[in-house]
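Quick look at coords_9.pdb (PDB, C-alpha atoms):
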ATOM      1  CA  MET U   1     -66.469  55.449  -9.514
ATOM      2  CA  LEU U   2     -67.616  51.962  -8.638
ATOM      3  CA  ARG U   3     -71.312  51.203  -8.956
ATOM      4  CA  GLN U   4     -72.779  48.522  -6.712
ATOM      5  CA  LEU U   5     -74.999  46.084  -8.606
ATOM      6  CA  ASP U   6     -75.644  43.498  -5.899
ATOM      7  CA  GLN U   7     -74.543  42.522  -2.402
ATOM      8  CA  ALA U   8     -71.122  41.257  -3.537
ATOM      9  CA  LEU U   9     -70.975  42.729  -7.027
ATOM     10  CA  TRP U  10     -69.705  46.081  -8.269
ATOM     11  CA  ALA U  11     -68.709  47.552 -11.622
ATOM     12  CA  ALA U  12     -66.254  50.226 -12.681
ATOM     13  CA  GLU U  13     -67.524  52.104 -15.738
ATOM     14  CA  ASP U  14     -65.839  54.404 -18.219
ATOM     15  CA  THR U  15     -65.781  55.433 -21.873
ATOM     16  CA  LEU U  16     -63.092  54.126 -24.192
ATOM     17  CA  LYS U  17     -62.338  56.432 -27.135
ATOM     18  CA  LEU U  18     -61.017  54.240 -29.906
ATOM     19  CA  SER U  19     -60.708  55.168 -33.606
ATOM     20  CA  GLY U  20     -63.193  58.005 -33.205
ATOM     21  CA  ILE U  21     -65.800  55.813 -31.512
ATOM     22  CA  HIS U  22     -66.844  56.229 -27.868
ATOM     23  CA  PHE U  23     -67.386  52.767 -26.399
ATOM     24  CA  PRO U  24     -68.913  52.420 -22.939
ATOM     25  CA  VAL U  25     -66.782  49.905 -21.030
ATOM     26  CA  ARG U  26     -67.418  48.084 -17.778
ATOM     27  CA  SER U  27     -65.219  46.105 -15.395
ATOM     28  CA  PRO U  28     -67.054  43.883 -12.864
ATOM     29  CA  VAL U  29     -65.659  43.245  -9.393
ATOM     30  CA  VAL U  30     -66.887  40.243  -7.406
ATOM     31  CA  ARG U  31     -66.247  39.764  -3.705
ATOM     32  CA  LEU U  32     -65.965  36.079  -2.837
ATOM     33  CA  GLY U  33     -67.202  34.522   0.377
ATOM     34  CA  ASP U  34     -63.727  34.685   1.949
ATOM     35  CA  GLY U  35     -63.506  38.423   1.274
ATOM     36  CA  GLY U  36     -61.127  38.224  -1.686
ATOM     37  CA  LEU U  37     -61.911  40.025  -4.929
ATOM     38  CA  VAL U  38     -61.961  38.917  -8.551
ATOM     39  CA  LEU U  39     -61.431  41.810 -10.968
ATOM     40  CA  PHE U  40     -62.720  41.102 -14.471
ATOM     41  CA  SER U  41     -61.565  42.934 -17.579
ATOM     42  CA  PRO U  42     -59.814  45.836 -15.814
ATOM     43  CA  LEU U  43     -60.336  49.211 -17.466
ATOM     44  CA  PRO U  44     -57.398  50.965 -19.142
ATOM     45  CA  GLY U  45     -57.879  53.695 -16.522
ATOM     46  CA  VAL U  46     -58.119  51.255 -13.613
ATOM     47  CA  GLU U  47     -55.886  53.483 -11.468
ATOM     48  CA  GLN U  48     -58.824  55.913 -11.151
ATOM     49  CA  VAL U  49     -60.811  53.365  -9.134
ATOM     50  CA  ALA U  50     -57.933  51.464  -7.499
ATOM     51  CA  GLY U  51     -58.574  53.056  -4.100
ATOM     52  CA  GLU U  52     -62.255  52.144  -4.162
ATOM     53  CA  ILE U  53     -61.414  48.578  -5.164
ATOM     54  CA  ARG U  54     -58.870  48.231  -2.340
ATOM     55  CA  ALA U  55     -61.524  49.434   0.099
ATOM     56  CA  LEU U  56     -63.635  46.400  -0.825
ATOM     57  CA  GLY U  57     -60.938  43.835  -0.081
ATOM     58  CA  GLU U  58     -57.822  42.201  -1.461
ATOM     59  CA  VAL U  59     -57.711  41.584  -5.214
ATOM     60  CA  ARG U  60     -56.887  37.879  -5.513
ATOM     61  CA  ALA U  61     -57.398  37.466  -9.268
ATOM     62  CA  ILE U  62     -57.358  39.646 -12.378
ATOM     63  CA  VAL U  63     -59.143  38.114 -15.365
ATOM     64  CA  ALA U  64     -58.850  39.048 -19.044
ATOM     65  CA  PRO U  65     -61.949  37.282 -20.445
ATOM     66  CA  ASN U  66     -61.042  37.286 -24.148
ATOM     67  CA  LEU U  67     -58.339  38.236 -26.634
ATOM     68  CA  MET U  68     -59.608  41.820 -26.923
ATOM     69  CA  HIS U  69     -59.928  42.868 -23.284
ATOM     70  CA  HIS U  70     -56.301  43.290 -22.304
ATOM     71  CA  LEU U  71     -55.640  47.061 -22.289
ATOM     72  CA  GLY U  72     -55.991  47.340 -18.506
ATOM     73  CA  LEU U  73     -54.040  44.209 -17.604
ATOM     74  CA  ALA U  74     -50.567  45.707 -17.193
ATOM     75  CA  PRO U  75     -51.694  48.669 -15.034
ATOM     76  CA  ALA U  76     -53.911  46.389 -12.936
ATOM     77  CA  ALA U  77     -51.007  43.998 -12.377
ATOM     78  CA  ARG U  78     -48.877  46.900 -11.136
ATOM     79  CA  LEU U  79     -51.625  48.218  -8.867
ATOM     80  CA  PHE U  80     -52.469  44.816  -7.364
ATOM     81  CA  PRO U  81     -49.140  42.940  -7.364
ATOM     82  CA  GLY U  82     -50.401  40.097  -5.187
ATOM     83  CA  ALA U  83     -53.162  39.102  -7.624
ATOM     84  CA  ARG U  84     -53.015  36.086  -9.921
ATOM     85  CA  LEU U  85     -53.537  36.860 -13.624
ATOM     86  CA  TYR U  86     -55.694  34.776 -15.967
ATOM     87  CA  GLY U  87     -56.404  35.021 -19.677
ATOM     88  CA  PRO U  88     -57.170  32.905 -22.744
ATOM     89  CA  ARG U  89     -54.393  30.972 -24.417
ATOM     90  CA  GLY U  90     -52.605  33.214 -26.888
ATOM     91  CA  LEU U  91     -53.138  36.463 -25.014
ATOM     92  CA  GLY U  92     -49.540  36.393 -23.816
ATOM     93  CA  GLU U  93     -48.465  37.294 -27.352
ATOM     94  CA  LYS U  94     -50.402  40.557 -27.060
ATOM     95  CA  CYS U  95     -49.133  41.267 -23.541
ATOM     96  CA  PRO U  96     -45.412  40.431 -23.519
ATOM     97  CA  GLY U  97     -44.836  42.362 -20.293
ATOM     98  CA  VAL U  98     -47.523  40.509 -18.317
ATOM     99  CA  THR U  99     -46.967  37.166 -16.602
ATOM    100  CA  PHE U 100     -50.077  34.977 -16.508
ATOM    101  CA  THR U 101     -50.736  32.584 -13.652
ATOM    102  CA  GLY U 102     -53.331  30.473 -15.429
ATOM    103  CA  VAL U 103     -55.074  29.913 -18.743
ATOM    104  CA  LEU U 104     -58.845  30.294 -18.958
ATOM    105  CA  ASP U 105     -60.878  27.391 -20.281
ATOM    106  CA  GLY U 106     -64.268  25.857 -19.624
ATOM    107  CA  SER U 107     -63.503  24.891 -16.021
ATOM    108  CA  PRO U 108     -63.599  27.459 -13.204
ATOM    109  CA  ASP U 109     -60.417  27.969 -11.236
ATOM    110  CA  PRO U 110     -60.571  26.644  -7.644
ATOM    111  CA  LEU U 111     -60.096  30.237  -6.482
ATOM    112  CA  TRP U 112     -63.649  31.122  -7.531
ATOM    113  CA  SER U 113     -65.341  27.819  -8.426
ATOM    114  CA  ALA U 114     -67.480  27.772  -5.264
ATOM    115  CA  GLU U 115     -69.369  30.858  -6.447
ATOM    116  CA  ILE U 116     -68.606  31.509 -10.115
ATOM    117  CA  ASP U 117     -69.186  29.202 -13.091
ATOM    118  CA  GLN U 118     -67.740  29.715 -16.550
ATOM    119  CA  VAL U 119     -67.948  28.410 -20.088
ATOM    120  CA  ALA U 120     -65.563  28.907 -22.998
ATOM    121  CA  VAL U 121     -67.396  30.066 -26.125
ATOM    122  CA  GLY U 122     -66.026  27.861 -28.865
ATOM    123  CA  GLY U 123     -66.257  28.621 -32.545
ATOM    124  CA  VAL U 124     -65.122  32.253 -32.340
ATOM    125  CA  PRO U 125     -61.314  31.943 -32.433
ATOM    126  CA  ARG U 126     -60.645  35.657 -32.885
ATOM    127  CA  LEU U 127     -62.362  36.327 -29.549
ATOM    128  CA  ASP U 128     -61.665  33.151 -27.582
ATOM    129  CA  GLU U 129     -64.157  34.473 -25.041
ATOM    130  CA  VAL U 130     -64.930  32.958 -21.655
ATOM    131  CA  VAL U 131     -68.176  34.041 -20.006
ATOM    132  CA  PHE U 132     -68.882  33.820 -16.285
ATOM    133  CA  PHE U 133     -71.924  33.308 -14.063
ATOM    134  CA  HIS U 134     -72.002  34.581 -10.478
ATOM    135  CA  ARG U 135     -74.373  32.154  -8.795
ATOM    136  CA  PRO U 136     -75.248  34.161  -5.640
ATOM    137  CA  SER U 137     -76.569  37.112  -7.678
ATOM    138  CA  ARG U 138     -77.632  35.090 -10.757
ATOM    139  CA  THR U 139     -75.536  37.426 -12.905
ATOM    140  CA  LEU U 140     -74.071  36.504 -16.283
ATOM    141  CA  PHE U 141     -71.000  38.400 -17.501
ATOM    142  CA  LEU U 142     -70.602  38.853 -21.276
ATOM    143  CA  TRP U 143     -67.816  40.728 -23.024
ATOM    144  CA  ASP U 144     -67.691  41.114 -26.821
ATOM    145  CA  LEU U 145     -70.117  38.304 -27.601
ATOM    146  CA  CYS U 146     -73.034  40.701 -27.004
ATOM    147  CA  PHE U 147     -73.501  44.470 -26.882
ATOM    148  CA  HIS U 148     -76.353  46.438 -25.311
ATOM    149  CA  ILE U 149     -75.765  50.065 -26.269
ATOM    150  CA  THR U 150     -79.225  51.653 -26.186
ATOM    151  CA  GLN U 151     -78.210  55.313 -26.373
ATOM    152  CA  SER U 152     -75.230  57.544 -27.123
ATOM    153  CA  GLY U 153     -74.796  61.296 -27.351
ATOM    154  CA  HIS U 154     -71.958  60.816 -29.829
ATOM    155  CA  PHE U 155     -73.168  60.706 -33.450
ATOM    156  CA  PRO U 156     -70.218  58.736 -34.931
ATOM    157  CA  THR U 157     -70.748  56.098 -32.251
ATOM    158  CA  ARG U 158     -74.474  55.840 -32.982
ATOM    159  CA  LEU U 159     -73.784  55.554 -36.702
ATOM    160  CA  PHE U 160     -71.076  52.914 -36.264
ATOM    161  CA  MET U 161     -73.166  50.832 -33.888
ATOM    162  CA  ARG U 162     -76.216  51.020 -36.186
ATOM    163  CA  LEU U 163     -74.121  49.850 -39.128
ATOM    164  CA  ASN U 164     -72.770  47.104 -36.888
ATOM    165  CA  GLY U 165     -76.304  46.028 -36.020
ATOM    166  CA  ALA U 166     -75.678  46.630 -32.333
ATOM    167  CA  TYR U 167     -77.482  49.857 -31.440
ATOM    168  CA  GLY U 168     -80.685  49.916 -29.432
ATOM    169  CA  ARG U 169     -80.736  46.157 -28.929
ATOM    170  CA  PHE U 170     -79.133  43.373 -26.929
ATOM    171  CA  GLY U 171     -77.245  40.714 -28.824
ATOM    172  CA  PRO U 172     -74.225  39.908 -30.957
ATOM    173  CA  SER U 173     -73.081  42.578 -33.392
ATOM    174  CA  ARG U 174     -72.652  41.934 -37.100
ATOM    175  CA  LEU U 175     -68.906  41.842 -36.486
ATOM    176  CA  ALA U 176     -69.278  39.213 -33.762
ATOM    177  CA  ARG U 177     -71.541  37.110 -35.995
ATOM    178  CA  SER U 178     -69.011  37.349 -38.827
ATOM    179  CA  MET U 179     -66.335  35.920 -36.526
ATOM    180  CA  MET U 180     -68.410  32.817 -35.683
ATOM    181  CA  ARG U 181     -66.724  29.918 -37.460
ATOM    182  CA  ASP U 182     -68.657  27.135 -35.731
ATOM    183  CA  ARG U 183     -72.223  28.064 -34.852
ATOM    184  CA  ALA U 184     -72.861  24.684 -33.247
ATOM    185  CA  ALA U 185     -70.058  25.388 -30.758
ATOM    186  CA  VAL U 186     -71.472  28.844 -30.041
ATOM    187  CA  GLY U 187     -74.919  27.313 -29.566
ATOM    188  CA  ALA U 188     -73.560  24.778 -27.093
ATOM    189  CA  ALA U 189     -72.068  27.574 -24.987
ATOM    190  CA  VAL U 190     -75.311  29.570 -25.128
ATOM    191  CA  ARG U 191     -77.290  26.521 -23.986
ATOM    192  CA  GLN U 192     -75.015  26.249 -20.963
ATOM    193  CA  MET U 193     -75.638  29.928 -20.178
ATOM    194  CA  LEU U 194     -79.389  29.383 -20.480
ATOM    195  CA  ALA U 195     -79.162  26.400 -18.132
ATOM    196  CA  TRP U 196     -77.774  28.739 -15.491
ATOM    197  CA  ALA U 197     -81.044  30.740 -15.745
ATOM    198  CA  PRO U 198     -79.443  34.190 -15.362
ATOM    199  CA  GLU U 199     -81.608  37.018 -14.099
ATOM    200  CA  ARG U 200     -79.112  39.862 -14.604
ATOM    201  CA  ILE U 201     -76.738  40.240 -17.557
ATOM    202  CA  VAL U 202     -73.732  42.526 -17.197
ATOM    203  CA  VAL U 203     -72.188  43.364 -20.564
ATOM    204  CA  ALA U 204     -68.825  45.024 -21.050
ATOM    205  CA  HIS U 205     -70.312  47.451 -23.564
ATOM    206  CA  GLY U 206     -73.726  48.962 -22.891
ATOM    207  CA  ASP U 207     -76.545  48.836 -20.384
ATOM    208  CA  VAL U 208     -76.971  46.197 -17.693
ATOM    209  CA  ILE U 209     -80.031  43.964 -18.076
ATOM    210  CA  GLU U 210     -81.396  43.781 -14.542
ATOM    211  CA  ARG U 211     -84.337  41.426 -15.096
ATOM    212  CA  GLY U 212     -85.269  38.686 -17.538
ATOM    213  CA  GLY U 213     -81.732  37.808 -18.560
ATOM    214  CA  GLN U 214     -82.525  34.248 -19.590
ATOM    215  CA  ALA U 215     -85.279  35.317 -22.002
ATOM    216  CA  ALA U 216     -83.128  38.134 -23.411
ATOM    217  CA  LEU U 217     -80.270  35.722 -24.062
ATOM    218  CA  GLU U 218     -82.512  33.169 -25.748
ATOM    219  CA  SER U 219     -83.990  35.837 -28.018
ATOM    220  CA  ALA U 220     -80.561  37.242 -28.921
ATOM    221  CA  PHE U 221     -79.281  33.836 -30.058
ATOM    222  CA  GLU U 222     -82.468  32.503 -31.621
ATOM    223  CA  ARG U 223     -80.768  31.935 -34.986
ATOM    224  CA  VAL U 224     -77.838  30.095 -33.443
ATOM    225  CA  LEU U 225     -80.046  27.905 -31.270
TER     226      LEU U 225
END
Would you mind writing the file's structure down as C-alpha cells?
Amino acid sequence: MLRQLDQALWAAEDTLKLSGIHFPVRSPVVRLGDGGLVLFSPLPGVEQVAGEIRALGEVRAIVAPNLMHHLGLAPAARLFPGARLYGPRGLGEKCPGVTFTGVLDGSPDPLWSAEIDQVAVGGVPRLDEVVFFHRPSRTLFLWDLCFHITQSGHFPTRLFMRLNGAYGRFGPSRLARSMMRDRAAVGAAVRQMLAWAPERIVVAHGDVIERGGQAALESAFERVL
C-alpha cells in the first residue's frame, strides 16, 4: 500500500529479504504541479502498488538514485512504459535490458527542477548516489548514504545492523563510511543538503524523520563536516 506523507508525497513500503537479512525498503512518489509523477527507487515488487500509483496520475519519470537501487527498474519500466528512466552513469552495465533516458548528476532535470533539487554525493564511487530535496514539503530523500532502522522483529537483521553500526540511530553505516574515498566531497554534498534546511527526511531503509531533519543530518555527519 501507498502511505501519504504530505500533500503531494507518498511512499510505497515493503521488506526486502536479501542474504538472510530483512531490509525495510521505501519508494517515494512525488506528484508535480502539472499532475505528473516521479517514481523514485521503485520496489522490486512495484506491481503490487502499480494500481495505486496510476490512481495518483501519470508516471513521467522513474529514477534509480544510486548504483544499488535498480532491482525494481525493469518491472517499473514495463508497468509504466511512457515514463522516462534516469540513473547514475554506469548503472546500464547492471541493467542491460533497461534503456535509460538520462544520466543523473548534480543538476535537476527540467522535468522536475521547478520543485525538486538534487545533489550528487561525490567521493563514494561504489554508490554514486544522488539525493533529492522536494521543496514544497521540505523533504530530503536519502538512499544508502544513511539508514534509520530503529526496530526489527528479525534477530539476524538486528544483529547485522548493530554490527554495521546502523541500528537504533540515523546516519551512515560502517559499510557506507568504509566506501567514502573523498570525505571532503561527501562533506560538500552534505553542506548543500543542510543549506536546503530539510524538515523531513525520507530514507530508503528505516523510519521517516518527520521533524528536525536539518539537525539530524548535521549530527549524523559531524565527523565529515
*Run through the PyMOL selection byres ((chain U and resi 198-206) around 9) on the given coordinates and return the selected residues as a VMD selection string.*
chain U and resid 13 23 to 28 41 133 to 135 137 to 151 170 193 to 197 207 to 217
*Expected residue set, 10 Å radius at (-77.4, 30.6, -32.5), only C-alpha atoms, as a PyMOL selection string*: chain U and resi 172+177+180+182-191+218-225
*Evaluating the PyMOL selection byres ((chain U and resi 111) around 12) on the displayed file yields which residues, as a VMD selection string?*
chain U and resid 31 to 38 59 to 63 83 to 86 102 107 to 110 112 to 117
Export C-alpha atoms of the chosen residues as a CSV table (one decimal), in the frame of the given file?
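Saved the output as again_12.csv:
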chain,number,residue,atom,x,y,z
U,31,ARG,CA,-66.2,39.8,-3.7
U,32,LEU,CA,-66.0,36.1,-2.8
U,33,GLY,CA,-67.2,34.5,0.4
U,34,ASP,CA,-63.7,34.7,1.9
U,35,GLY,CA,-63.5,38.4,1.3
U,36,GLY,CA,-61.1,38.2,-1.7
U,37,LEU,CA,-61.9,40.0,-4.9
U,38,VAL,CA,-62.0,38.9,-8.6
U,59,VAL,CA,-57.7,41.6,-5.2
U,60,ARG,CA,-56.9,37.9,-5.5
U,61,ALA,CA,-57.4,37.5,-9.3
U,62,ILE,CA,-57.4,39.6,-12.4
U,63,VAL,CA,-59.1,38.1,-15.4
U,83,ALA,CA,-53.2,39.1,-7.6
U,84,ARG,CA,-53.0,36.1,-9.9
U,85,LEU,CA,-53.5,36.9,-13.6
U,86,TYR,CA,-55.7,34.8,-16.0
U,102,GLY,CA,-53.3,30.5,-15.4
U,107,SER,CA,-63.5,24.9,-16.0
U,108,PRO,CA,-63.6,27.5,-13.2
U,109,ASP,CA,-60.4,28.0,-11.2
U,110,PRO,CA,-60.6,26.6,-7.6
U,112,TRP,CA,-63.6,31.1,-7.5
U,113,SER,CA,-65.3,27.8,-8.4
U,114,ALA,CA,-67.5,27.8,-5.3
U,115,GLU,CA,-69.4,30.9,-6.4
U,116,ILE,CA,-68.6,31.5,-10.1
U,117,ASP,CA,-69.2,29.2,-13.1
*Applied to the shown file, which residues does the PyMOL selection byres ((chain U and resi 53) around 10) return, written as a list in words?*
Met1, Leu2, Trp10, Ala11, Ala12, Val29, Leu37, Leu39, Val46, Glu47, Gln48, Val49, Ala50, Gly51, Glu52, Arg54, Ala55, Leu56, Gly57, Glu58, Val59 and Phe80 of chain U
All file atoms of stretch 146-161 of chain U boxed axis-aligned, 5 Å per side, centre plus edges, as JSON:
{"center_x": -74.7, "center_y": 51.0, "center_z": -31.0, "size_x": 19.0, "size_y": 30.6, "size_z": 21.4}
*State, in Å with one decimal place, the distance from atom CA of U:Gly153 to atom CA of U:Pro75.*
29.1 Å
*Nearest to U:Asp105, chosen from U:His22, U:Gly92, U:Pro81, U:Pro65, with all atoms listed in the file counted in the distances*: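 For U:Asp105, the nearest of the given residues is U:Pro65.
Nearest residue to U:Leu127, choosing from U:Leu91, U:Ala166, U:Leu73, U:Ala8 and counting all atoms listed in the file: U:Leu91.
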*asked:* Env of U:Gly72: 6 Å cut, atoms = all atoms listed in the file, seq-sep filter 3 positions within chain, self excluded. Answer as a ChimeraX atom specification.
replied: /U:42-44,75
Since the input has fewer atoms than a full residue there, write stretch 47-58 of chain U out with all heavy atoms, as a short mmCIF file (atom, residue, chain, number, x, y, z; two decimals), in the coordinates of the input.
data_model
loop_
_atom_site.label_atom_id
_atom_site.label_comp_id
_atom_site.auth_asym_id
_atom_site.auth_seq_id
_atom_site.Cartn_x
_atom_site.Cartn_y
_atom_site.Cartn_z
N GLU U 47 -56.47 52.76 -12.61
CA GLU U 47 -55.89 53.48 -11.47
C GLU U 47 -56.86 54.49 -10.88
O GLU U 47 -56.75 54.86 -9.70
CB GLU U 47 -54.59 54.19 -11.88
CG GLU U 47 -54.76 55.26 -12.93
CD GLU U 47 -54.74 54.72 -14.34
OE1 GLU U 47 -54.54 53.50 -14.51
OE2 GLU U 47 -54.91 55.51 -15.29
N GLN U 48 -57.85 54.94 -11.65
CA GLN U 48 -58.82 55.91 -11.15
C GLN U 48 -59.76 55.32 -10.10
O GLN U 48 -60.35 56.06 -9.32
CB GLN U 48 -59.63 56.48 -12.32
CG GLN U 48 -58.79 57.21 -13.36
CD GLN U 48 -59.61 57.65 -14.56
OE1 GLN U 48 -60.84 57.69 -14.51
NE2 GLN U 48 -58.94 57.99 -15.64
N VAL U 49 -59.91 54.00 -10.11
CA VAL U 49 -60.81 53.36 -9.13
C VAL U 49 -60.05 52.40 -8.22
O VAL U 49 -60.66 51.67 -7.45
CB VAL U 49 -61.95 52.61 -9.84
CG1 VAL U 49 -62.90 53.58 -10.52
CG2 VAL U 49 -61.41 51.59 -10.85
N ALA U 50 -58.73 52.41 -8.29
CA ALA U 50 -57.93 51.46 -7.50
C ALA U 50 -58.20 51.61 -6.00
O ALA U 50 -58.30 50.61 -5.28
CB ALA U 50 -56.45 51.65 -7.80
N GLY U 51 -58.32 52.85 -5.52
CA GLY U 51 -58.57 53.06 -4.10
C GLY U 51 -59.91 52.49 -3.67
O GLY U 51 -60.02 51.87 -2.59
N GLU U 52 -60.93 52.69 -4.48
CA GLU U 52 -62.26 52.14 -4.16
C GLU U 52 -62.24 50.62 -4.17
O GLU U 52 -62.90 49.98 -3.34
CB GLU U 52 -63.28 52.66 -5.17
CG GLU U 52 -63.55 54.15 -5.09
CD GLU U 52 -64.56 54.58 -6.14
OE1 GLU U 52 -65.76 54.39 -5.91
OE2 GLU U 52 -64.13 55.09 -7.20
N ILE U 53 -61.50 50.04 -5.10
CA ILE U 53 -61.41 48.58 -5.16
C ILE U 53 -60.70 48.04 -3.92
O ILE U 53 -61.15 47.08 -3.30
CB ILE U 53 -60.69 48.14 -6.45
CG1 ILE U 53 -61.54 48.48 -7.67
CG2 ILE U 53 -60.39 46.64 -6.41
CD1 ILE U 53 -60.85 48.22 -9.00
N ARG U 54 -59.61 48.68 -3.54
CA ARG U 54 -58.87 48.23 -2.34
C ARG U 54 -59.75 48.31 -1.09
O ARG U 54 -59.59 47.51 -0.16
CB ARG U 54 -57.62 49.07 -2.15
CG ARG U 54 -56.53 48.83 -3.20
CD ARG U 54 -55.21 49.47 -2.78
NE ARG U 54 -54.21 49.37 -3.83
CZ ARG U 54 -53.93 50.34 -4.71
NH1 ARG U 54 -54.58 51.50 -4.62
NH2 ARG U 54 -53.02 50.16 -5.63
N ALA U 55 -60.65 49.29 -1.07
CA ALA U 55 -61.52 49.43 0.10
C ALA U 55 -62.50 48.27 0.23
O ALA U 55 -63.03 48.02 1.32
CB ALA U 55 -62.30 50.75 0.01
N LEU U 56 -62.72 47.54 -0.85
CA LEU U 56 -63.64 46.40 -0.82
C LEU U 56 -62.97 45.13 -0.33
O LEU U 56 -63.63 44.22 0.17
CB LEU U 56 -64.20 46.14 -2.22
CG LEU U 56 -65.02 47.25 -2.88
CD1 LEU U 56 -65.43 46.83 -4.29
CD2 LEU U 56 -66.26 47.56 -2.04
N GLY U 57 -61.65 45.04 -0.48
CA GLY U 57 -60.94 43.84 -0.08
C GLY U 57 -59.66 43.67 -0.89
O GLY U 57 -59.25 44.55 -1.64
N GLU U 58 -59.07 42.51 -0.75
CA GLU U 58 -57.82 42.20 -1.46
C GLU U 58 -58.13 41.59 -2.83
O GLU U 58 -58.90 40.62 -2.93
CB GLU U 58 -56.98 41.22 -0.65
CG GLU U 58 -55.67 40.82 -1.33
CD GLU U 58 -54.95 39.71 -0.62
OE1 GLU U 58 -55.48 39.20 0.40
OE2 GLU U 58 -53.86 39.31 -1.09
#
